Amino acid sequence: MNIRKKYKRINKLKIKWFQTQLAHWFELNNRKFPWREGNCSKYQLIIAEVLLQRTKAETIATFFPFFIKQYPSWKSLSSVNKTKLKKDLKPIGLWKRRSDTLKRLSTAMAKRGGRFPRTRGEIEELPGVGQYIANAILMFCQDEPQPLLDMNMARVLERFFGQRQLADIRYDPYLQELSRRVLPKNHAKEFNWAILDFASLICKARKPLCLKCPLKIRCQYFDHDKGVVLVKRS
Ligand code: SF4
């Protein structure tokens with residue numbers, strides 16, 4: 001199916017319904033994490049997003065206060081010895097990759113006095129910043145509604161609205177557009193969190209809890225006759 005036909009199938013009412021159901025579910029089921037408390041600095045929010053990549057939020061939740069205490073600013077992070085940084089990151093895994101990203105990004109940010117560039121193009125030129133972190137920076141630091149599109153968000157959107165076409169979510173035009181369209185402009189941050197919590201607690205990768213799911217009556221992935229999920233790529 002071409003992209004235009006695919007967009008046509010996703011009407012505004014279905015998006016609105018998805019937003020309403022998910023916002024209601026989130027009100028009752030949201031997870032509490034240190035980076036979701038109102039007093040987090042922009043530095044802390046971006047560090048949390050770097051640490052969260054490819055790692056469970058529950059794992060990062062216990063590690064995050066320690067890390068922020070050790071490294072309270074871009075400057076402190078940029079001046080640490082890389083061996084020490086690797087050792088500190090070891091408990092959450094991927095320490096080589098994370099230490100490299102954090103070291104390079106913090107060095108660039110310390111030189112900039114902690115100020116992020118304004119445009120997406122300039123932000124993506126910062127070392128260690130790809131599409132996901134650039135979106136996080138634009139959303140948390142510049143109040144732009146941007147999707148935190150990772151494999152978890154992709155899974156929920158694909159199951160509910162229909163599948164993407166390309167393997168790499170960063171380049172799939174359908175998923176990129178859809179993830180922007182589902183975000184309510186006035187509370188994008190909370191809605192991103194809602195989708196991520198929903199992906200973790202209900203629309204799980206291996207065994208989604210479809211029978212408990214508030215979205216099932218309009219979900220493409222749910223088999224309405226048999227009451228079980230259809231076997232599709234997730
Ligand atoms: S019905 Fe199942 S597959 Fe569809 S959104 Fe809910 S949990 Fe996910």
# chains A, B, ... in the order shown; residues from 1 in each chain; ligands from 1

$ closest_atom_pairs --of "range 11-82 of chain A" --to "range 181-191 of chain A" --cutoff "10 Å" --atoms "only C-alpha atoms" --output "CSV"
residue,atom,partner,partner_atom,distance
A:Lys12,CA,A:Arg181,CA,9.0
A:Lys14,CA,A:Val182,CA,9.7
A:Ile15,CA,A:Val182,CA,6.0
A:Lys16,CA,A:Val182,CA,7.9
A:Phe18,CA,A:Val182,CA,7.9
A:Gln19,CA,A:Val182,CA,6.8
A:Thr20,CA,A:Pro184,CA,10.0
A:Leu22,CA,A:Phe191,CA,8.1
A:Ala23,CA,A:Phe191,CA,6.9
A:Phe26,CA,A:Phe191,CA,8.4
A:Glu27,CA,A:Glu190,CA,9.9
A:Asn30,CA,A:Glu190,CA,9.5
A:Arg36,CA,A:Glu190,CA,9.2

$ write_last_selection --atoms "N, CA and C atoms" --output "short mmCIF file (atom, residue, chain, number, x, y, z; two decimals), in the first residue's frame"
data_model
loop_
_atom_site.label_atom_id
_atom_site.label_comp_id
_atom_site.auth_asym_id
_atom_site.auth_seq_id
_atom_site.Cartn_x
_atom_site.Cartn_y
_atom_site.Cartn_z
N LYS A 12 -8.69 11.25 11.39
CA LYS A 12 -8.47 12.09 12.58
C LYS A 12 -9.23 11.55 13.79
N LYS A 14 -9.84 8.47 14.57
CA LYS A 14 -9.13 7.34 15.19
C LYS A 14 -7.95 7.86 16.02
N ILE A 15 -7.27 8.87 15.50
CA ILE A 15 -6.16 9.45 16.27
C ILE A 15 -6.68 10.08 17.56
N LYS A 16 -7.78 10.80 17.45
CA LYS A 16 -8.36 11.46 18.64
C LYS A 16 -8.76 10.40 19.68
N PHE A 18 -7.52 7.39 20.04
CA PHE A 18 -6.26 6.84 20.59
C PHE A 18 -5.71 7.78 21.68
N GLN A 19 -5.71 9.08 21.38
CA GLN A 19 -5.19 10.05 22.35
C GLN A 19 -6.01 10.05 23.64
N THR A 20 -7.32 10.02 23.48
CA THR A 20 -8.20 10.09 24.66
C THR A 20 -8.05 8.86 25.54
N LEU A 22 -5.58 6.71 25.66
CA LEU A 22 -4.24 6.57 26.23
C LEU A 22 -4.00 7.58 27.36
N ALA A 23 -4.51 8.79 27.17
CA ALA A 23 -4.34 9.82 28.22
C ALA A 23 -5.07 9.36 29.49
N PHE A 26 -3.09 6.60 31.13
CA PHE A 26 -1.86 7.14 31.75
C PHE A 26 -2.17 7.80 33.09
N GLU A 27 -3.29 8.49 33.16
CA GLU A 27 -3.67 9.14 34.42
C GLU A 27 -3.71 8.14 35.56
N ASN A 30 0.40 5.77 35.30
CA ASN A 30 1.74 6.30 34.96
C ASN A 30 2.80 5.82 35.95
N ARG A 36 11.05 12.32 35.81
CA ARG A 36 9.71 12.86 35.52
C ARG A 36 9.25 13.83 36.59
#

$ residues_near_ligand --ligand "ligand 1" --cutoff "7 Å" --atoms "only C-alpha atoms and all ligand atoms" --output "PDB file with N, CA and C atoms, in the first residue's frame"
ATOM      1  N   VAL A 156       3.756   0.019  19.493  1.00  0.00           N
ATOM      2  CA  VAL A 156       2.372   0.387  19.814  1.00  0.00           C
ATOM      3  C   VAL A 156       1.684   0.999  18.590  1.00  0.00           C
ATOM      4  N   ARG A 159       1.050  -1.633  15.787  1.00  0.00           N
ATOM      5  CA  ARG A 159      -0.004  -2.607  16.096  1.00  0.00           C
ATOM      6  C   ARG A 159      -1.376  -1.944  16.011  1.00  0.00           C
ATOM      7  N   PHE A 160      -1.464  -0.741  16.529  1.00  0.00           N
ATOM      8  CA  PHE A 160      -2.779  -0.095  16.570  1.00  0.00           C
ATOM      9  C   PHE A 160      -3.203   0.472  15.210  1.00  0.00           C
ATOM     10  N   ILE A 202       1.486  -2.828  28.946  1.00  0.00           N
ATOM     11  CA  ILE A 202       0.346  -3.483  28.285  1.00  0.00           C
ATOM     12  C   ILE A 202       0.737  -4.036  26.900  1.00  0.00           C
ATOM     13  N   CYS A 203       1.174  -3.181  26.032  1.00  0.00           N
ATOM     14  CA  CYS A 203       1.482  -3.618  24.666  1.00  0.00           C
ATOM     15  C   CYS A 203       2.937  -4.100  24.605  1.00  0.00           C
ATOM     16  N   LYS A 204       3.194  -5.167  25.354  1.00  0.00           N
ATOM     17  CA  LYS A 204       4.566  -5.671  25.503  1.00  0.00           C
ATOM     18  C   LYS A 204       5.023  -6.322  24.208  1.00  0.00           C
ATOM     19  N   PRO A 208       1.717  -9.231  24.499  1.00  0.00           N
ATOM     20  CA  PRO A 208       0.877  -8.063  24.820  1.00  0.00           C
ATOM     21  C   PRO A 208      -0.379  -8.502  25.585  1.00  0.00           C
ATOM     22  N   LEU A 209      -0.790  -7.667  26.535  1.00  0.00           N
ATOM     23  CA  LEU A 209      -1.954  -8.006  27.362  1.00  0.00           C
ATOM     24  C   LEU A 209      -3.220  -7.475  26.684  1.00  0.00           C
ATOM     25  N   CYS A 210      -3.527  -8.036  25.530  1.00  0.00           N
ATOM     26  CA  CYS A 210      -4.610  -7.495  24.701  1.00  0.00           C
ATOM     27  C   CYS A 210      -5.970  -7.555  25.389  1.00  0.00           C
ATOM     28  N   LEU A 211      -6.202  -8.600  26.144  1.00  0.00           N
ATOM     29  CA  LEU A 211      -7.538  -8.711  26.734  1.00  0.00           C
ATOM     30  C   LEU A 211      -7.780  -7.628  27.788  1.00  0.00           C
ATOM     31  N   CYS A 213      -6.491  -4.601  27.418  1.00  0.00           N
ATOM     32  CA  CYS A 213      -6.087  -3.348  26.765  1.00  0.00           C
ATOM     33  C   CYS A 213      -7.285  -2.441  26.458  1.00  0.00           C
ATOM     34  N   PRO A 214      -7.186  -1.167  26.834  1.00  0.00           N
ATOM     35  CA  PRO A 214      -8.283  -0.240  26.555  1.00  0.00           C
ATOM     36  C   PRO A 214      -8.376   0.154  25.073  1.00  0.00           C
ATOM     37  N   LEU A 215      -7.382  -0.238  24.281  1.00  0.00           N
ATOM     38  CA  LEU A 215      -7.387   0.131  22.856  1.00  0.00           C
ATOM     39  C   LEU A 215      -7.880  -1.003  21.962  1.00  0.00           C
ATOM     40  N   LYS A 216      -8.180  -2.147  22.555  1.00  0.00           N
ATOM     41  CA  LYS A 216      -8.361  -3.341  21.715  1.00  0.00           C
ATOM     42  C   LYS A 216      -9.508  -3.229  20.707  1.00  0.00           C
ATOM     43  N   CYS A 219      -7.998  -1.776  17.650  1.00  0.00           N
ATOM     44  CA  CYS A 219      -6.602  -2.119  17.322  1.00  0.00           C
ATOM     45  C   CYS A 219      -6.544  -3.077  16.129  1.00  0.00           C
ATOM     46  N   GLN A 220      -5.689  -2.766  15.176  1.00  0.00           N
ATOM     47  CA  GLN A 220      -5.546  -3.611  13.982  1.00  0.00           C
ATOM     48  C   GLN A 220      -4.916  -4.965  14.281  1.00  0.00           C
ATOM     49  N   TYR A 221      -4.189  -5.007  15.354  1.00  0.00           N
ATOM     50  CA  TYR A 221      -3.429  -6.212  15.673  1.00  0.00           C
ATOM     51  C   TYR A 221      -4.289  -7.247  16.403  1.00  0.00           C
ATOM     52  N   PHE A 222      -5.357  -6.775  17.004  1.00  0.00           N
ATOM     53  CA  PHE A 222      -6.199  -7.645  17.826  1.00  0.00           C
ATOM     54  C   PHE A 222      -7.168  -8.417  16.945  1.00  0.00           C
ATOM     55  N   VAL A 229      -4.177 -12.001  19.763  1.00  0.00           N
ATOM     56  CA  VAL A 229      -3.474 -11.145  18.811  1.00  0.00           C
ATOM     57  C   VAL A 229      -3.159 -11.896  17.536  1.00  0.00           C
TER      58      VAL A 229
END

$ residues_around --residues "Glu58 in chain A" --least-positions-apart "3" --cutoff "12 Å" --atoms "only C-alpha atoms" --output "PyMOL selection string"
chain A and resi 31-35+48+51-52+55+61-64+92+197+200-201

$ write_last_selection --atoms "N, CA and C atoms" --output "tab-separated table (two decimals), in the first residue's frame"
chain	number	residue	atom	x	y	z
A	31	ARG	N	3.98	5.59	35.42
A	31	ARG	CA	5.11	5.16	36.27
A	31	ARG	C	5.83	6.40	36.79
A	32	LYS	N	6.34	6.27	38.00
A	32	LYS	CA	7.06	7.40	38.61
A	32	LYS	C	8.56	7.17	38.43
A	33	PHE	N	9.24	8.14	37.85
A	33	PHE	CA	10.69	8.06	37.68
A	33	PHE	C	11.31	9.40	38.09
A	34	PRO	N	12.57	9.36	38.53
A	34	PRO	CA	13.19	10.61	39.00
A	34	PRO	C	13.20	11.71	37.93
A	35	TRP	N	13.39	11.33	36.65
A	35	TRP	CA	13.46	12.35	35.60
A	35	TRP	C	12.08	12.89	35.21
A	48	ALA	N	19.14	11.57	31.24
A	48	ALA	CA	18.23	10.44	31.42
A	48	ALA	C	17.92	9.79	30.07
A	51	LEU	N	20.83	7.69	28.89
A	51	LEU	CA	20.95	6.45	29.66
A	51	LEU	C	19.83	5.46	29.34
A	52	LEU	N	18.65	5.98	29.03
A	52	LEU	CA	17.49	5.11	28.81
A	52	LEU	C	17.56	4.33	27.51
A	55	THR	N	17.74	0.37	27.38
A	55	THR	CA	17.78	-0.15	28.76
A	55	THR	C	16.44	0.11	29.43
A	61	ALA	N	16.19	3.97	36.70
A	61	ALA	CA	15.60	4.72	37.82
A	61	ALA	C	16.43	4.59	39.09
A	62	THR	N	16.99	3.39	39.33
A	62	THR	CA	17.77	3.22	40.56
A	62	THR	C	19.19	3.79	40.40
A	63	PHE	N	19.65	3.87	39.17
A	63	PHE	CA	21.02	4.32	38.90
A	63	PHE	C	21.10	5.85	38.75
A	64	PHE	N	20.05	6.45	38.24
A	64	PHE	CA	20.06	7.86	37.87
A	64	PHE	C	20.45	8.82	39.03
A	92	ILE	N	24.86	-0.57	34.54
A	92	ILE	CA	23.69	-0.54	33.66
A	92	ILE	C	24.00	-1.11	32.26
A	197	ASP	N	5.04	4.08	28.62
A	197	ASP	CA	4.55	3.27	29.75
A	197	ASP	C	3.59	2.19	29.25
A	200	SER	N	5.41	-0.64	27.77
A	200	SER	CA	6.10	-1.46	28.76
A	200	SER	C	5.13	-2.32	29.58
A	201	LEU	N	3.94	-1.78	29.88
A	201	LEU	CA	3.04	-2.47	30.80
A	201	LEU	C	1.92	-3.26	30.12

$ select_by_dssp --residues "range 161-225 of chain A" --states "helix (DSSP H, G or I)" --output "PyMOL selection string"
chain A and resi 161+173-181+185-201+210-212+216-218

$ write_last_selection --atoms "N, CA and C atoms" --output "mmCIF file, in the first residue's frame"
data_model
loop_
_atom_site.group_PDB
_atom_site.id
_atom_site.type_symbol
_atom_site.label_atom_id
_atom_site.label_comp_id
_atom_site.auth_asym_id
_atom_site.auth_seq_id
_atom_site.Cartn_x
_atom_site.Cartn_y
_atom_site.Cartn_z
ATOM 1 N N PHE A 161 -2.267 1.124 14.514
ATOM 2 C CA PHE A 161 -2.635 1.832 13.282
ATOM 3 C C PHE A 161 -2.263 1.090 11.996
ATOM 4 N N PRO A 173 8.846 6.903 6.481
ATOM 5 C CA PRO A 173 8.062 8.150 6.444
ATOM 6 C C PRO A 173 6.691 8.006 7.107
ATOM 7 N N TYR A 174 6.094 6.823 6.982
ATOM 8 C CA TYR A 174 4.783 6.588 7.597
ATOM 9 C C TYR A 174 4.861 6.694 9.117
ATOM 10 N N LEU A 175 5.832 5.994 9.705
ATOM 11 C CA LEU A 175 5.957 5.997 11.156
ATOM 12 C C LEU A 175 6.401 7.366 11.688
ATOM 13 N N GLN A 176 7.268 8.011 10.941
ATOM 14 C CA GLN A 176 7.718 9.344 11.349
ATOM 15 C C GLN A 176 6.533 10.312 11.384
ATOM 16 N N GLU A 177 5.731 10.279 10.337
ATOM 17 C CA GLU A 177 4.591 11.185 10.259
ATOM 18 C C GLU A 177 3.541 10.824 11.314
ATOM 19 N N LEU A 178 3.275 9.534 11.434
ATOM 20 C CA LEU A 178 2.263 9.089 12.394
ATOM 21 C C LEU A 178 2.644 9.478 13.827
ATOM 22 N N SER A 179 3.911 9.280 14.172
ATOM 23 C CA SER A 179 4.337 9.587 15.546
ATOM 24 C C SER A 179 4.181 11.081 15.845
ATOM 25 N N ARG A 180 4.270 11.932 14.835
ATOM 26 C CA ARG A 180 4.032 13.372 15.049
ATOM 27 C C ARG A 180 2.551 13.667 15.154
ATOM 28 N N ARG A 181 1.769 12.984 14.323
ATOM 29 C CA ARG A 181 0.328 13.274 14.312
ATOM 30 C C ARG A 181 -0.368 12.840 15.590
ATOM 31 N N LYS A 185 -0.408 18.616 20.819
ATOM 32 C CA LYS A 185 0.613 19.679 20.813
ATOM 33 C C LYS A 185 0.830 20.320 22.182
ATOM 34 N N ASN A 186 -0.241 20.346 23.006
ATOM 35 C CA ASN A 186 -0.102 21.067 24.285
ATOM 36 C C ASN A 186 0.446 20.220 25.436
ATOM 37 N N HIS A 187 0.469 18.896 25.303
ATOM 38 C CA HIS A 187 1.160 18.119 26.347
ATOM 39 C C HIS A 187 1.890 16.915 25.717
ATOM 40 N N ALA A 188 2.763 17.252 24.817
ATOM 41 C CA ALA A 188 3.513 16.227 24.075
ATOM 42 C C ALA A 188 4.396 15.386 25.001
ATOM 43 N N LYS A 189 5.012 16.043 25.965
ATOM 44 C CA LYS A 189 5.950 15.327 26.846
ATOM 45 C C LYS A 189 5.217 14.198 27.585
ATOM 46 N N GLU A 190 4.071 14.543 28.201
ATOM 47 C CA GLU A 190 3.319 13.535 28.962
ATOM 48 C C GLU A 190 2.796 12.432 28.029
ATOM 49 N N PHE A 191 2.435 12.818 26.816
ATOM 50 C CA PHE A 191 1.890 11.808 25.902
ATOM 51 C C PHE A 191 2.992 10.843 25.435
ATOM 52 N N ASN A 192 4.180 11.361 25.234
ATOM 53 C CA ASN A 192 5.313 10.472 24.940
ATOM 54 C C ASN A 192 5.501 9.469 26.069
ATOM 55 N N TRP A 193 5.452 9.967 27.289
ATOM 56 C CA TRP A 193 5.616 9.073 28.445
ATOM 57 C C TRP A 193 4.480 8.049 28.493
ATOM 58 N N ALA A 194 3.271 8.501 28.154
ATOM 59 C CA ALA A 194 2.114 7.595 28.177
ATOM 60 C C ALA A 194 2.337 6.433 27.209
ATOM 61 N N ILE A 195 2.793 6.728 26.010
ATOM 62 C CA ILE A 195 2.997 5.644 25.030
ATOM 63 C C ILE A 195 4.102 4.698 25.518
ATOM 64 N N LEU A 196 5.157 5.262 26.078
ATOM 65 C CA LEU A 196 6.268 4.406 26.528
ATOM 66 C C LEU A 196 5.839 3.522 27.705
ATOM 67 N N ASP A 197 5.037 4.076 28.622
ATOM 68 C CA ASP A 197 4.547 3.271 29.748
ATOM 69 C C ASP A 197 3.592 2.187 29.254
ATOM 70 N N PHE A 198 2.750 2.566 28.315
ATOM 71 C CA PHE A 198 1.791 1.610 27.763
ATOM 72 C C PHE A 198 2.517 0.462 27.051
ATOM 73 N N ALA A 199 3.583 0.797 26.330
ATOM 74 C CA ALA A 199 4.383 -0.221 25.633
ATOM 75 C C ALA A 199 5.018 -1.179 26.636
ATOM 76 N N SER A 200 5.413 -0.637 27.773
ATOM 77 C CA SER A 200 6.103 -1.464 28.758
ATOM 78 C C SER A 200 5.131 -2.321 29.580
ATOM 79 N N LEU A 201 3.944 -1.777 29.877
ATOM 80 C CA LEU A 201 3.043 -2.472 30.800
ATOM 81 C C LEU A 201 1.920 -3.256 30.123
ATOM 82 N N CYS A 210 -3.527 -8.036 25.530
ATOM 83 C CA CYS A 210 -4.610 -7.495 24.701
ATOM 84 C C CYS A 210 -5.970 -7.555 25.389
ATOM 85 N N LEU A 211 -6.202 -8.600 26.144
ATOM 86 C CA LEU A 211 -7.538 -8.711 26.734
ATOM 87 C C LEU A 211 -7.780 -7.628 27.788
ATOM 88 N N LYS A 212 -6.698 -7.095 28.349
ATOM 89 C CA LYS A 212 -6.834 -6.019 29.341
ATOM 90 C C LYS A 212 -6.716 -4.642 28.699
ATOM 91 N N LYS A 216 -8.180 -2.147 22.555
ATOM 92 C CA LYS A 216 -8.361 -3.341 21.715
ATOM 93 C C LYS A 216 -9.508 -3.229 20.707
ATOM 94 N N ILE A 217 -10.564 -2.505 21.043
ATOM 95 C CA ILE A 217 -11.709 -2.521 20.109
ATOM 96 C C ILE A 217 -11.384 -1.852 18.773
ATOM 97 N N ARG A 218 -10.349 -1.033 18.734
ATOM 98 C CA ARG A 218 -10.003 -0.424 17.439
ATOM 99 C C ARG A 218 -8.589 -0.776 16.998
#

$ atom_distance --atom1 "CA of Thr59 in chain A" --atom2 "CA of Lys75 in chain A"
25.2 Å
